Amino acid sequence: MSNVVNLNKARKARDRDRAREKARENRVRFGRTKADKDLANAESQKSEQALDGAKLDKPE
């Protein structure tokens with residue numbers, strides 16, 4: 001004779017597993033710390049300022 005399966009528990013367990021997998025993917029995709037974000041922002045601002053400083057004026 002087979003075991004009786006509570007369908008509500010099986011559904012909830014399946015949903016929890018899917019949520020864990022999605023959370024794992026999101027941690028990889030969006031898992032940057034605030035310090036990492038600030039550092040990247042500072043580097044982009046510095047490179048933008050260096051580029052703006054190196055522009056030549058066009059004669060009219």
# chains A, B, ... in the order shown; residues from 1 in each chain; ligands from 1
call {"tool": "select_by_dssp", "arguments": {"residues": "chain A", "states": "helix (DSSP H, G or I)", "output": "ChimeraX atom specification"}}
result
/A:7-30,34-53
